[in-house]
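Enquirer: To start, I am sharing the structure in question, which I have written as structure tokens.
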Amino acid sequence: MGQKKLIRFAELLTFTNVLQYPQGMKGNWHKQFGNNNPITLELACGKGEYTVGLSQIYTNRNFIGVDVKGNRIWVGAKKAIQQGLNNAAFLRTQIDKIHKYFEPGEVQEIWLTFPDPQLRTSRAKKRLTHPKFLELYQHFLIPNGTIHLKTDSPVLYNFTKLVLELHDLKAEIDLDNVHQTVHNIPELEIKTHYEGLDIAQSNRIHYLRFRLPQVKLEKKDDILHELLKEIEGT
């Protein structure tokens, strides 16, 4: 491990806005923030640009960036401290364990900002909008809680639309090209490090906003798998 990372990991231990694999946080996030304001998660937050940006826009709400890579979390956490953003925090853990940290109904919405699209069809279950993850989110989201997806990957964008259609869910907002579309959504003006890189070389940013029902999603993984083989190939 490089010297820079070692310094950052040591500094993370001193940050009061960073919790690394904490115990006993279910139902207790109001203690971290000192209020009972609504909570929004940014999953796989990377450097936490959205956690920081959203906390600047909505000072009466709380935001938690979640990622397993402490070196990246350090960037957003440091900015939040420097800017005095007491409504921004960071949780270091794996996404598939996120339900262990929140009570049912403790989270109001989730942002997925440029998550790994897991381009291979064989890795589709690792996509953060796969039904496996949507069911996980239902454990702690409020009924009809909101999911936001912002991505430069047409594969992930179209996959998510397929998942919604398969489960009879409708996108409240569907933008195929964010920066070429007239909209009044200030959150979409926040730009991440990966957005500037345009890794997918799509020259466009996709955005979906949808809600998850309180009722558990019907198991349709086999149907989804067969559809993906036809659409994406194997």
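By convention here, the chains of the structure tokens are called A, B, ... in the order presented, each chain's residues are numbered starting at 1, and ligands are numbered starting at 1 in the order presented.
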Taking the chain letters and numbering used in this document, name the residues of segment 35-216 of chain A that DSSP puts in strand (DSSP E), as number ranges by chain.
Expert: A: 39-43, 62-67, 88-92, 107-113, 141-151, 171-175, 206-212
Enquirer: Would you list the contacts of Met25 of chain A as a PyMOL selection string, taking every protein, DNA or RNA residue within 12 Å and counting only C-alpha atoms, but skipping same-chain residues closer than 3 positions in sequence?
Expert: chain A and resi 19-22+28-33+91+98-103+106
Enquirer: Any chance you could export the current selection's N, CA, C and O atoms as a short mmCIF file (atom, residue, chain, number, x, y, z; two decimals), in the first residue's frame?
Expert:
data_model
loop_
_atom_site.label_atom_id
_atom_site.label_comp_id
_atom_site.auth_asym_id
_atom_site.auth_seq_id
_atom_site.Cartn_x
_atom_site.Cartn_y
_atom_site.Cartn_z
N LEU A 19 -17.79 6.48 9.48
CA LEU A 19 -17.98 5.29 10.31
C LEU A 19 -17.55 4.08 9.51
O LEU A 19 -18.07 3.83 8.42
N GLN A 20 -16.60 3.33 10.03
CA GLN A 20 -16.06 2.18 9.31
C GLN A 20 -16.56 0.89 9.97
O GLN A 20 -16.20 0.58 11.09
N TYR A 21 -17.41 0.18 9.25
CA TYR A 21 -17.99 -1.08 9.74
C TYR A 21 -18.50 -0.93 11.18
O TYR A 21 -18.16 -1.72 12.07
N PRO A 22 -19.31 0.08 11.45
CA PRO A 22 -19.74 0.36 12.83
C PRO A 22 -20.75 -0.67 13.35
O PRO A 22 -21.42 -1.35 12.58
N ASN A 28 -30.22 4.42 14.82
CA ASN A 28 -29.51 5.40 15.65
C ASN A 28 -28.79 6.49 14.85
O ASN A 28 -27.94 7.20 15.40
N TRP A 29 -29.12 6.62 13.58
CA TRP A 29 -28.43 7.62 12.78
C TRP A 29 -28.77 9.04 13.21
O TRP A 29 -28.00 9.98 12.95
N HIS A 30 -29.90 9.22 13.88
CA HIS A 30 -30.24 10.55 14.39
C HIS A 30 -29.21 11.03 15.40
O HIS A 30 -29.01 12.24 15.57
N LYS A 31 -28.55 10.10 16.07
CA LYS A 31 -27.51 10.47 17.03
C LYS A 31 -26.27 10.98 16.32
O LYS A 31 -25.59 11.90 16.80
N GLN A 32 -25.96 10.38 15.17
CA GLN A 32 -24.81 10.82 14.38
C GLN A 32 -25.01 12.25 13.89
O GLN A 32 -24.09 13.08 13.93
N PHE A 33 -26.23 12.55 13.44
CA PHE A 33 -26.50 13.87 12.86
C PHE A 33 -27.06 14.89 13.87
O PHE A 33 -27.05 16.08 13.60
N LEU A 91 -20.18 6.04 5.34
CA LEU A 91 -20.20 4.70 5.93
C LEU A 91 -19.34 3.78 5.08
O LEU A 91 -19.59 3.62 3.88
N ILE A 98 -25.49 -3.55 3.41
CA ILE A 98 -26.03 -2.24 3.80
C ILE A 98 -27.26 -2.36 4.70
O ILE A 98 -27.50 -1.52 5.58
N HIS A 99 -28.05 -3.43 4.51
CA HIS A 99 -29.27 -3.58 5.31
C HIS A 99 -28.98 -3.80 6.79
O HIS A 99 -29.88 -3.65 7.63
N LYS A 100 -27.75 -4.12 7.14
CA LYS A 100 -27.39 -4.36 8.53
C LYS A 100 -27.23 -3.06 9.32
O LYS A 100 -27.10 -3.09 10.55
N TYR A 101 -27.26 -1.94 8.62
CA TYR A 101 -26.99 -0.65 9.27
C TYR A 101 -28.20 0.26 9.39
O TYR A 101 -28.09 1.34 9.97
N PHE A 102 -29.34 -0.17 8.83
CA PHE A 102 -30.52 0.70 8.84
C PHE A 102 -31.78 -0.08 9.20
O PHE A 102 -31.98 -1.20 8.74
N GLU A 103 -32.62 0.55 9.98
CA GLU A 103 -33.92 -0.02 10.35
C GLU A 103 -34.89 0.12 9.17
O GLU A 103 -34.71 1.00 8.32
N GLU A 106 -35.95 3.68 7.64
CA GLU A 106 -35.01 4.68 8.14
C GLU A 106 -34.42 5.55 7.02
O GLU A 106 -33.90 6.63 7.27
#
Enquirer: For a quick check of understanding, using only C-alpha atoms, which of A:Ala10, A:Leu41, A:Leu208, A:Val163 has the smallest distance to Asn87 of chain A?
Expert: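 The closest residue to Asn87 of chain A is A:Leu41.
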Enquirer: Quick one: everything within 7 Å of segment 155-157 of chain A, counting only C-alpha atoms, minus sequence neighbours fewer than 3 positions away in the same chain. Send it as number ranges by chain.
Expert: A: 117, 119, 151, 160-161, 206
Enquirer: Mind the document's chain letters and residue numbers, and return as a count of residues only the residues of segment 108-140 of chain A that DSSP labels helix (DSSP H, G or I).
Expert: 14
Enquirer: Please list as a list in words every residue within 6 Å of Asp67 of chain A, counting only C-alpha atoms and excluding residues in the same chain fewer than 6 positions away.
Expert: Ala44, Cys45, Arg92 and Thr93 of chain A
Enquirer: Let me make sure I understand: among A:Ile173, A:Leu166, A:Ile190, A:Ile147, which one has the smallest atom-to-atom distance to Gln56 of chain A if we use only C-alpha atoms?
Expert: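 Using only C-alpha atoms, Gln56 of chain A sits closest to A:Ile190.
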Enquirer: Which residue is closest to Tyr207 of chain A? Choose from A:Asp96, A:Glu232, A:Asp174, A:Glu165 and count only C-alpha atoms.
Expert: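 Using only C-alpha atoms, Tyr207 of chain A sits closest to A:Asp174.
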Enquirer: For Leu128 of chain A, which residue among A:Trp74, A:Phe114, A:Tyr194, A:Tyr50 is the nearest when counting only C-alpha atoms?
Expert: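 Of A:Trp74, A:Phe114, A:Tyr194, A:Tyr50, the one nearest Leu128 of chain A, counting only C-alpha atoms, is A:Phe114.
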Enquirer: Ranking A:Glu226, A:Glu109, A:Glu218, A:Glu135 by minimum distance to Glu42 of chain A and counting only C-alpha atoms, which one comes first?
Expert: A:Glu109
Enquirer: Go through A:Phe159, A:Phe133, A:Phe210, A:Tyr58 and flag the residue nearest Gly145 of chain A, using only C-alpha atoms for the distances.
Expert: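 Result for the nearest residue to Gly145 of chain A: A:Phe210.
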Enquirer: Show me, as a ChimeraX atom specification, the residues that have an atom within 8 Å of Ile64 of chain A when counting only C-alpha atoms, minus same-chain residues fewer than 2 positions from it.
Expert: /A:39-42,51,62,66,88-91
